[in-house]
Structures are given as structure tokens and as C-alpha cells.
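Colleague: Attaching a single structure in C-alpha cells format; questions to follow.
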Number of protein chains: 2
Amino acid sequence: MTNPQHQTDAINADAFEAVCVMGDAARNAQSQLAQANTEAKNELLNAIADALDNHADVIAGANALDMSQAFDDGMDAGKLDRLKFNVPRIAAAAQGVRHVASLPDPVGEIVRGYHLENGLRLQQVRVPIGVLGMIYEARPNVTVDVASLCIKSGNAVLLRGGHAAERTNAATLSIIGDVLAEHGYDQAMIDSVDRYGRAGATAMMEARGHIDVLIPRGGAGLIQAVVRNSKVPVIETGAGNVHIYVDRSGDLDKAIPILINAKTQRVGVCNAAEKLLVHRDVAETFLPKAAAALAEAGVEMHADERAYGIIEQARVKDAHLTHATDEDWDTEYLALEIGIKVVDSLDEAIAHINRHSTGHTESIIAEDYSAIEEFTSRIDSAVVMVNASTRFTDGGVFGFGAELGISTQKMHARGPMGLREMTTTKWIGYGTGQMRA
Amino acid sequence: MTNPQHQTDAINADAFEAVCVMGDAARNAQSQLAQANTEAKNELLNAIADALDNHADVIAGANALDMSQAFDDGMDAGKLDRLKFNVPRIAAAAQGVRHVASLPDPVGEIVRGYHLENGLRLQQVRVPIGVLGMIYEARPNVTVDVASLCIKSGNAVLLRGGHAAERTNAATLSIIGDVLAEHGYDQAMIDSVDRYGRAGATAMMEARGHIDVLIPRGGAGLIQAVVRNSKVPVIETGAGNVHIYVDRSGDLDKAIPILINAKTQRVGVCNAAEKLLVHRDVAETFLPKAAAALAEAGVEMHADERAYGIIEQARVKDAHLTHATDEDWDTEYLALEIGIKVVDSLDEAIAHINRHSTGHTESIIAEDYSAIEEFTSRIDSAVVMVNASTRFTDGGVFGFGAELGISTQKMHARGPMGLREMTTTKWIGYGTGQMRA
């Protein structure tokens with residue numbers, strides 16, 4: 001007798017057991033990597049970069065099959081572009097691995113250290129986390145990025161990439177695995193649960209004790225599903241309902257280029273501006289100019305009543321203007337669209353942002369010292385910019401060299417996550433026979 | 001018609017909604033506290049300490065009712081002692097609040113800061129987390145500790161104390177609430193979900209977005225229930241299957257007093273030793289002496305075969321010796337009991353500990369430099385001691401002044417959690433019109 005429900009459970013149980021075994025094997029492999037010094041890790045990274053270059057044709061060939069299949073399955077152009085991993089992109093990814101090798105090693109840093117009164121010499125030392133789990137969409141360059149960041153920070157990782165990139169990821173991981181083996185490392189250190197499909201991702205969420213931290217990277221739906229269902233601790237990343245607030249003290253000549261840069265320099269990214277709040281005292285002056293610049297850049301405007309009135313009256317050329325709904329204030333468009341609202345005060349701007357923001361990045365355009373102090377101190381987001389584009393929230397820009405993602409939660413890491421954020425600490429107490437009285 | 005299942009769900013839904021509302025009110029109150037400077041927070045703390053002293057009789061009276069009820073309900077002596085909150089203990093708790101006032105304020109610390117090449121001035125600043133949730137057992141002093149730590153670190157908190165301490169906690173929180181109100185703070189900043197009973201605790205676990213972090217403190221059962229079921233991020237605390245490893249290079253004269261201190265100085269605590277591993281090369285010399293000292297201290301010994309043989313042959317006076325089972329290696333006794341095992345090598349000791357430990361604290365007794373380096377680097381626990389008692393793992397001892405608990409997880413905080421561990425960070429970028437190229 002066939003019972004589909006039962007069959008599904010059985011497959012999931014198999015996947016769960018397999019993923020737990022993979023996690024334990026990864027932990028075992030990780031303990032070896034954790035003992036490797038920086039020189040050894042860098043040598044490994046450079047060898048991986050060379051191997052990616054040398055076998056780029058193999059990866060590109062696998063990617064061509066994934067691309068063809070995805071095209072037949074009707075994948076849209078944006079996603080197809082993210083899936084594409086041709087020889088020049090593989091070369092760029094390999095160059096990224098060499099760059100990670102050149103970054104400082106966070107492992108071993110002494111965060112704090114002091115002697116207790118009884119002479120016990122205490123040190124808090126930075127160490128790898130252990131076994132990471134990464135669930136991400138069909139972007140093969142992420143596979144290479146994550147593998148290199150994990151090696152440098154001394155972590156093992158289990159990967160679940162998007163279904164559409166399975167052939168590309170398998171080819172990439174096979175090449176990385178060969179280099180690991182050649183250098184005497186256990187291949188279990190960087191492994192994929194792709195062979196279990198979606199059940200692999202579900203199993204990772206259940207594998208508490210076998211995986212230390214799970215990091216979902218991708219669309220809001222994917223991230224929320226992981227955040228809500230995982231029994232493994234999660235670092236929430238990504239979603240950015242990003243605000244720009246133009247204060248009444250703002251230099252409007254600075255505001256326009258910052259707004260256009262933040263909204264249009266790259267559209268489908270989490271640090272792109274999604275909302276414009278304008279103080280009522282400058283709305284009449286600023287909004288017509290801003291709307292003209294936005295219209296010229298092809299940005300559709302969802303305006304609240306007051307903003308709509310001002311923009312409509314200014315008869316902005318080619319303006320695509322609609323009335324904002326309540327839903328707009330919580331929407332991350334990831335498109336050439338922006339929500340526009342006039343606020344009565346700095347206080348209203350802060351309250352609106354703290355209510356509707358996803359806690360990623362906000363920017364204030366202001367010259368008034370007190371307004372800037374209040375905004376930066378009261379806004380509850382990972383990054384607050386002053387007179388600068390929100391697009392700067394990025395591990396590369398912040399000088400981390402590379403990033404695993406951008407944390408929008410408050411636990412463990414907040415904002416761009418680089419190598420340091422992929423570590424935890426351990427206390428070591430060096431004694432000479434101390435006992436507690 | 002009465003449907004008990006339906007009724008339970010309805011009550012839980014009410015509790016969930018109420019707890020969400022309380023969390024939002026707490027967040028609103030917290031935004032006020034987050035703006036308070038250190039002076040204002042210290043003034044508030046000292047006023048709370050005075051109020052606790054001045055109204056100690058009210059709290060003690062409520063506690064007498066809780067004690068009487070608990071006694072009638074058959075609570076054991078150890079738990080009754082933890083529940084007791086008489087005038088001297090209230091005075092000690094008030095003194096603890098004054099001590100927290102004297103500690104440095106972690107909020108506002110600049111963790112990192114630098115200029116980007118484009119002139120953007122970046123700073124990573126320490127800020128409060130927001131709204132904490134605390135689920136703990138019937139220990140009224142924890143209520144005072146947590147409230148004071150939260151005020152100092154700028155956090156709001158929702159509390160769920162053990163049922164048996166409800167009257168005591170209500171009296172304490174009423175006094176703290178009065179002081180908050182007198183100083184112009186919103187009482188919602190420190191609130192209890194006790195009025196919803198167990199459903200209140202369950203609701204806190206569901207209140208993602210309304211509570212930022214949940215910290216369970218108490219027995220292993222309570223902690224695991226929260227860890228497994230919470231949708232709010234959790235910091236796992238407490239459980240300590242703590243090991244002492246006596247290396248073949250160990251100074252055995254140091255080892256015995258450290259062992260006895262770690263095992264018996266206080267028995268029911270998470271940093272007490274629970275296991276003794278002994279290198280085979282010193283087992284014949286060390287174990288008879290260790291067993292004699294343990295027997296004299298009244299400690300029951302669960303020994304593996306080799307250890308049993310050695311101790312039995314030594315005819316240790318008054319030894320309470322049994323054969324260890326597999327289960328022993330994973331058991332936190334929290335009693336005058338210890339598991340004893342002979343290992344063939346340092347490697348075996350490390351592997352055994354990393355497999356069976358809860359990741360709290362381990363100690364090595366050794367004089368050999370390489371053995372110490374290997375042990376401290378390969379042991380995967382929050383704290384590793386060298387030639388010192390495991391009982392030192394404590395926020396007070398580490399110089400944090402007070403502690404919220406001891407984290408045994410790797411995310412966010414590891415080891416004793418003091419004020420610094422109750423914060424997150426925020427990046428602030430001060431610009432002059434920078435845009436991303």
C-alpha cells in the first residue's frame with residue numbers, strides 16, 4: 001500500500017539522520033581546521049582559487065546545463081543573471097578567494113584579558129563557531145564566497161543552494177573538495193545537502209546540536225521560513241525596508257543625489273532606499289525637485305496625501321505618481337519604486353521608521369546637530385547614515401573584505417557580517433592551583 | 001458546551017495577545033531608558049535599592065506566604081531555601097543593586113571606528129538590545145538582580161518567575177514600579193507575565209518581534225523546553241557537565257584540593273565538577289588519594305572499570321563506590337556524586353569531553369606546556385581552566401560585578417553574561433554627501 005504522507009515522513013527522517021551525520025562529520029573535520037594556523041589556511045585558499053581557475057570550464061559547463069534548464073523552466077531574466085557562472089565570473093570568484101586569503105585572521109585575537117586578584121590569568125579568545133549551515137538561493141558565486149569565508153574563519157559548513165544551481169554547485173564543491181583532500185583536510189568540512197533536496201533544508205533546521213548556526217540568505221520568504229521554523233539558532237539577514245529622512249535642516253543639494261544614488265544605483269539589493277520621509281517645512285521646496293529627479297530616473301512614486309498634492313501641483317514631467325496605501329510603508333519594493341511621506345516632525349519620522357523599518361539601514365539628511373544626534377541615537381536599526389547613501393551598508397565597503405550577509409537582528413551580529421562575526425569566544429584561565437573560597 | 005481543549009487555546013490566545021501588548025509597551029518604555037545617561041540610571045538604581053530596604057517588611061511578608069504555601073505543597077528543603085527572601089536577604093539584594101549602579105555602563109562604548117577612503121566616518125557603538133524576556137525558577141533574588149542589570153544596560157524586561165514565588169515577585173515588582181513612576185519612567189519597562197501563569201511563559205516564546213531575546217535560567221528541563229520551543233531568539237544558559245582532567249604531567253598535590261574544591265565547595269551549581277578523567281600513567285598513584293579525599297567529603301564515586309579496580313584495591317575508607325554506566329558520562333548530578341574514568345591519552349580525554357560536555361567549563365591539571373596548549377585550544381567549551389577550580393566560572397568572579405546567567409551556546413555571548421553581554425551594537429556613518437560609485 002502506498003501512503004504518500006507516510007512516504008514523505010520517511011524521506012524526511014532519512015534526510016534528518018543523514019544531515020545529522022554530515023554535521024557531525026563536519027564538526028570532526030572542523031576541529032582539524034581550527035588547529036590550522038593562518039599560513040596553512042591561506043595556502044589552502046590560494047590553492048582553491050587556482051583550482052577554480054584551472055577547472056573553470058568544468059564549472060561553466062555544469063552551469064550551462066543549469067542555465068538551459070532554468071530558461072526552459074521559465075526563470076526570469078534577473079534570476080537567470082544571478083544563476084550565470086561563466087568563466088569570467090568564476091575567475092572573479094577565484095580572485096575573491098585570494099582576497100579572503102589576504103584578510104586578517106580573526107581566530108586567536110584576545111578580546112579581553114586580565115589577572116584576577118588571586119592571580120588567575122583570564123583571557124577571552126576569539127575562536128571559530130564550529131559548524132555553520134547556509135541556505136541560499138540559486139547564486140553559485142555565494143557557494144565560493146561562503147566556502148572561502150568559512151575556511152578563513154576556521155568553520156565547517158553545510159550548504160543548501162537553490163535547486164536551479166545544483167549542477168553548478170556540485171561541480172564547484174567537487175573541485176574544492178579535491179583541493180581539501182590534496183592538502184590533507186577532510187572533505188566533510190564543506191559539504192552540500194543538495195542531494196536531499198528541500199528535505200535537506202528542513203533537516204538542517206531540525207539538526208540542533210549538529211549545526212551551530214543557520215544563516216538563510218535570499219528573499220524575505222525564504223528567510224522568514226527559516227527564522228520561524230528552525231530549531232537551530234538563526235542569524236536573520238537581509239530584508240531592507242530602507243528609509244531616507246530629509247530633515248528641515250537638510251542641505252537639499254546634497255539630498256537629491258544621495259536619494260537618487262540610494263534608490264537607483266542598484267535596485268534589487270537590500271541596502272537600496274525604499275522610502276523617502278520629508279519634513280513638512282521643506283516639503284514644498286524639496287519634493288518637486290526630488291520628484292523630478294526620481295521621474296527622470298524612472299522611479300514610480302507612491303505618495304501619501306500631502307506629498308501627492310505637492311508633486312501633482314508641481315506638474316513634474318513624466319512622473320509616475322500613485323497614492324500610497326498602508327501596505328506601502330511595510331513593503332520592500334526591490335524595484336524602481338519608492339514610498340514618499342511628509343512628516344510633521346523629526347519625532348514623527350523616527351517613530352514611523354522604528355515602526356515600519358526592517359532594521360537594516362536608514363539615512364538622515366540634516367545639518368542641525370541636535371536633530372542628527374537624536375536620529376542616530378533613537379533609530380533602532382543596524383546602520384544609521386548621516387548625509388550619506390544607504391548603499392554603503394556592505395561588508396566590502398565597511399572594510400571587512402567580504403561578507404556572509406547583513407544581519408538585521410540584534411543577537412550575535414548586527415549589520416554586515418565578515419570574518420569576525422563568524423567567530424565566538426572562549427575564556428581561558430591560567431592558574432597555579434587557585435581554589436574558590 | 002464546555003470544551004476543555006478549546007478553552008485552553010482561547011486562554012493561550014488571550015495570553016499571547018496580552019504578552020505582545022506588554023512587549024510593545026516595554027519597548028516604548030525602553031526607548032526612554034535608552035536615552036537616559038549613566039548618572040540618571042544610577043540614580044534610579046540607588047533609589048530602588050533604598051525602596052527595597054525601606055519596604056523589606058512588605059516583601060518579606062509576601063515571601064512568608066509563599067514559603068508557607070510551598071512548604072504545605074511539599075517543596076524540598078533546597079528549593080525552600082532558594083525561595084526564602086527574608087529581610088537580611090532583601091538587604092543583600094538591595095546592596096547588589098547599589099553595586100550594579102557602581103559598575104561601568106557598557107552603553108555608548110565605541111567598539112570600532114575608522115574613516116572609509118571616501119571620508120565616511122564609521123563607528124560601531126554599543127547599544128541596549130531592547131526588550132528581554134526572562135523565564136526563571138522560584139528565586140526572588142533573581143527578580144531584583146535582573147531588574148537592576150536591565151536598567152543599567154538600558155533594556156526593558158518581561159519576567160516569568162516560578163509559580164511558587166509569585167507573591168514575593170509581585171511585591172518586589174510593585175515597589176520597583178513605584179520608584180520607576182516617581183522618577184518619571186514608564187512602569188511597563190519592568191513587568192511580569194505571572195498573571196497569565198504558564199500560558200504567560202508559552203506566550204513569551206511565541207512573541208517574536210515583541211521580545212528580542214529570551215533567557216531561560218534554571219533546571220535543564222526548563223532550559224531545554226524554552227530552547228526547543230521558542231520562536232524568539234534564546235540564549236541557552238546553565239547546564240554544566242563539568243570535567244576535570246588530570247594529565248600525566250599534573251602536579252598531584254595541586255590536583256586533590258582543586259578537585260575537592262570544584263566538586264564540593266558548592267554542590268548544586270553549574271560550575272561544580274561532575275567528572276574526573278585521569279591519565280592512565282598517574283591513575284595508580286592519583287586515584288587512591290583522590291578517592292580518599294572524595295570519600296572523606298562524602299562524595300559517591302561512579303567509576304569506570306579501570307578506576308573501580310584501582311580504588312577498590314586501595315581499600316579507601318568509607319568509599320561509596322559504584323560502577324559507572326554509559327548514562328553517567330552525560331549526567332549533571334548537582335549532588336555529592338562524581339563520575340571517574342581512566343583515559344589512555346590526552347587525546348582521549350579531549351575527545352571524551354568534547355563528546356559528553358555541555359560546553360560550560362573544564363579544567364586540566366598539568367605541568368606539560370604542550371599538553372596545556374592542546375587542551376586549551378581543542379576543548380570546545382565556554383571556559384577552560386588550567387590548574388584552577390572550575391568554580392571560578394562566574395560573572396562576579398570574572399569581574400563583571402553581576403551576571404545574568406552563564407551562556408553555554410556560541411551565539412552572541414559565551415560564558416558568564418554581564419552588562420556588556422546584554423547589549424548589541426549599531427553602526428553610525430557620519431558623511432558629508434557620500435554616494436556609492
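So you can find residues: chains in the C-alpha cells are A, B, ... in the order shown, residues in each start at 1, and ligands are numbered from 1 in order.
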Could you tell me which residues of chain A sit within 8 Å of chain B when counting only C-alpha atoms, and give me the result as a PyMOL selection string?
Modeller: chain A and resi 31+35+116+120+129+212-213+227-229+231+233-234+254-255+257-258+261-262+265+376-378+381-389+391-392+397-399+410-415+424-437
Colleague: The selected residues should be written to file as a compact mmCIF listing (two decimals), in the first residue's frame (atoms: C-alpha atoms).
Modeller:
```
# COMPACT_ATOMS: atom_id res chain seq x y z
CA SER A 31 38.39 20.52 14.73
CA GLN A 35 44.07 23.97 14.72
CA LEU A 116 42.07 38.20 38.97
CA LEU A 120 44.28 33.60 37.86
CA ILE A 129 31.90 28.92 15.86
CA ASP A 212 25.66 25.53 15.47
CA VAL A 213 24.19 28.39 13.46
CA VAL A 227 13.58 32.07 11.15
CA ARG A 228 10.17 30.74 12.14
CA ASN A 229 10.84 27.03 11.81
CA LYS A 231 15.38 24.73 16.00
CA PRO A 233 19.91 29.23 16.19
CA VAL A 234 19.48 31.51 13.17
CA LYS A 254 23.10 67.03 -1.00
CA ALA A 255 19.75 65.29 -0.55
CA PRO A 257 21.99 62.98 -5.38
CA ILE A 258 22.03 60.86 -2.20
CA ASN A 261 22.10 57.06 -5.55
CA ALA A 262 20.40 55.18 -2.72
CA GLN A 265 22.46 52.86 -8.15
CA THR A 376 21.30 58.44 15.27
CA SER A 377 20.59 57.64 18.90
CA ARG A 378 16.88 56.81 18.66
CA SER A 381 18.47 49.84 13.02
CA ALA A 382 21.73 48.05 12.29
CA VAL A 383 23.15 51.04 10.40
CA VAL A 384 22.30 54.74 10.56
CA MET A 385 23.84 57.04 7.96
CA VAL A 386 24.14 60.82 8.18
CA ASN A 387 24.28 62.72 4.89
CA ALA A 388 25.36 59.61 3.02
CA SER A 389 23.83 56.99 0.76
CA ARG A 391 24.10 51.84 -0.28
CA PHE A 392 27.25 51.91 1.88
CA VAL A 397 32.59 48.86 1.78
CA PHE A 398 32.98 48.65 5.58
CA GLY A 399 36.43 47.17 5.04
CA LYS A 410 20.37 42.09 17.43
CA MET A 411 21.79 38.81 18.65
CA HIS A 412 25.42 37.91 17.93
CA ALA A 413 25.99 40.14 14.90
CA ARG A 414 24.26 43.26 13.60
CA GLY A 415 24.91 44.78 10.19
CA THR A 424 32.63 33.14 19.02
CA THR A 425 34.89 33.37 22.07
CA LYS A 426 36.28 31.06 24.70
CA TRP A 427 37.59 32.03 28.14
CA ILE A 428 40.87 30.50 29.24
CA GLY A 429 42.00 30.80 32.85
CA TYR A 430 45.68 30.06 33.52
CA GLY A 431 46.10 29.20 37.19
CA THR A 432 48.66 27.90 39.66
CA GLY A 433 46.34 25.94 41.95
CA GLN A 434 43.62 28.55 42.65
CA MET A 435 40.52 27.43 44.52
CA ARG A 436 37.31 29.25 45.26
CA ALA A 437 36.92 30.38 48.87
```
Colleague: I want to know what sits within 10 Å of Arg315 in chain B, based on only C-alpha atoms, with residues of the same chain fewer than 4 positions away left out; could you give that as an NGL selection string?
Modeller: :B and (288 or 291-292 or 310-311 or 319)
Colleague: Going by DSSP on the backbone, which residues of range 139-360 of chain B come out as alpha helix (DSSP H)? List them as a PyMOL selection string.
Modeller: chain B and resi 140-153+166-182+197-206+220-229+252-264+280-296+305-313+346-356
Colleague: Going by DSSP on the backbone, which residues of range 137-177 of chain B come out as strand (DSSP E or B)? List them as a PyMOL selection string.
Modeller: chain B and resi 156-160
Colleague: Between B:Tyr245, B:Tyr333, B:Tyr369, B:Phe286, which has the minimum distance to Asn271 in chain B (counting only C-alpha atoms)?
Modeller: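 The answer is B:Tyr333, which sits nearest to Asn271 in chain B.
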Colleague: Give me, as an MDAnalysis selection string, all polymer residues having an atom no more than 10 Å from Ser192 in chain B, counting only C-alpha atoms and skipping those fewer than 6 positions away in the same chain.
Modeller: chainID B and resid 19 22 133:134 143 157:161 166 169:170 173 200
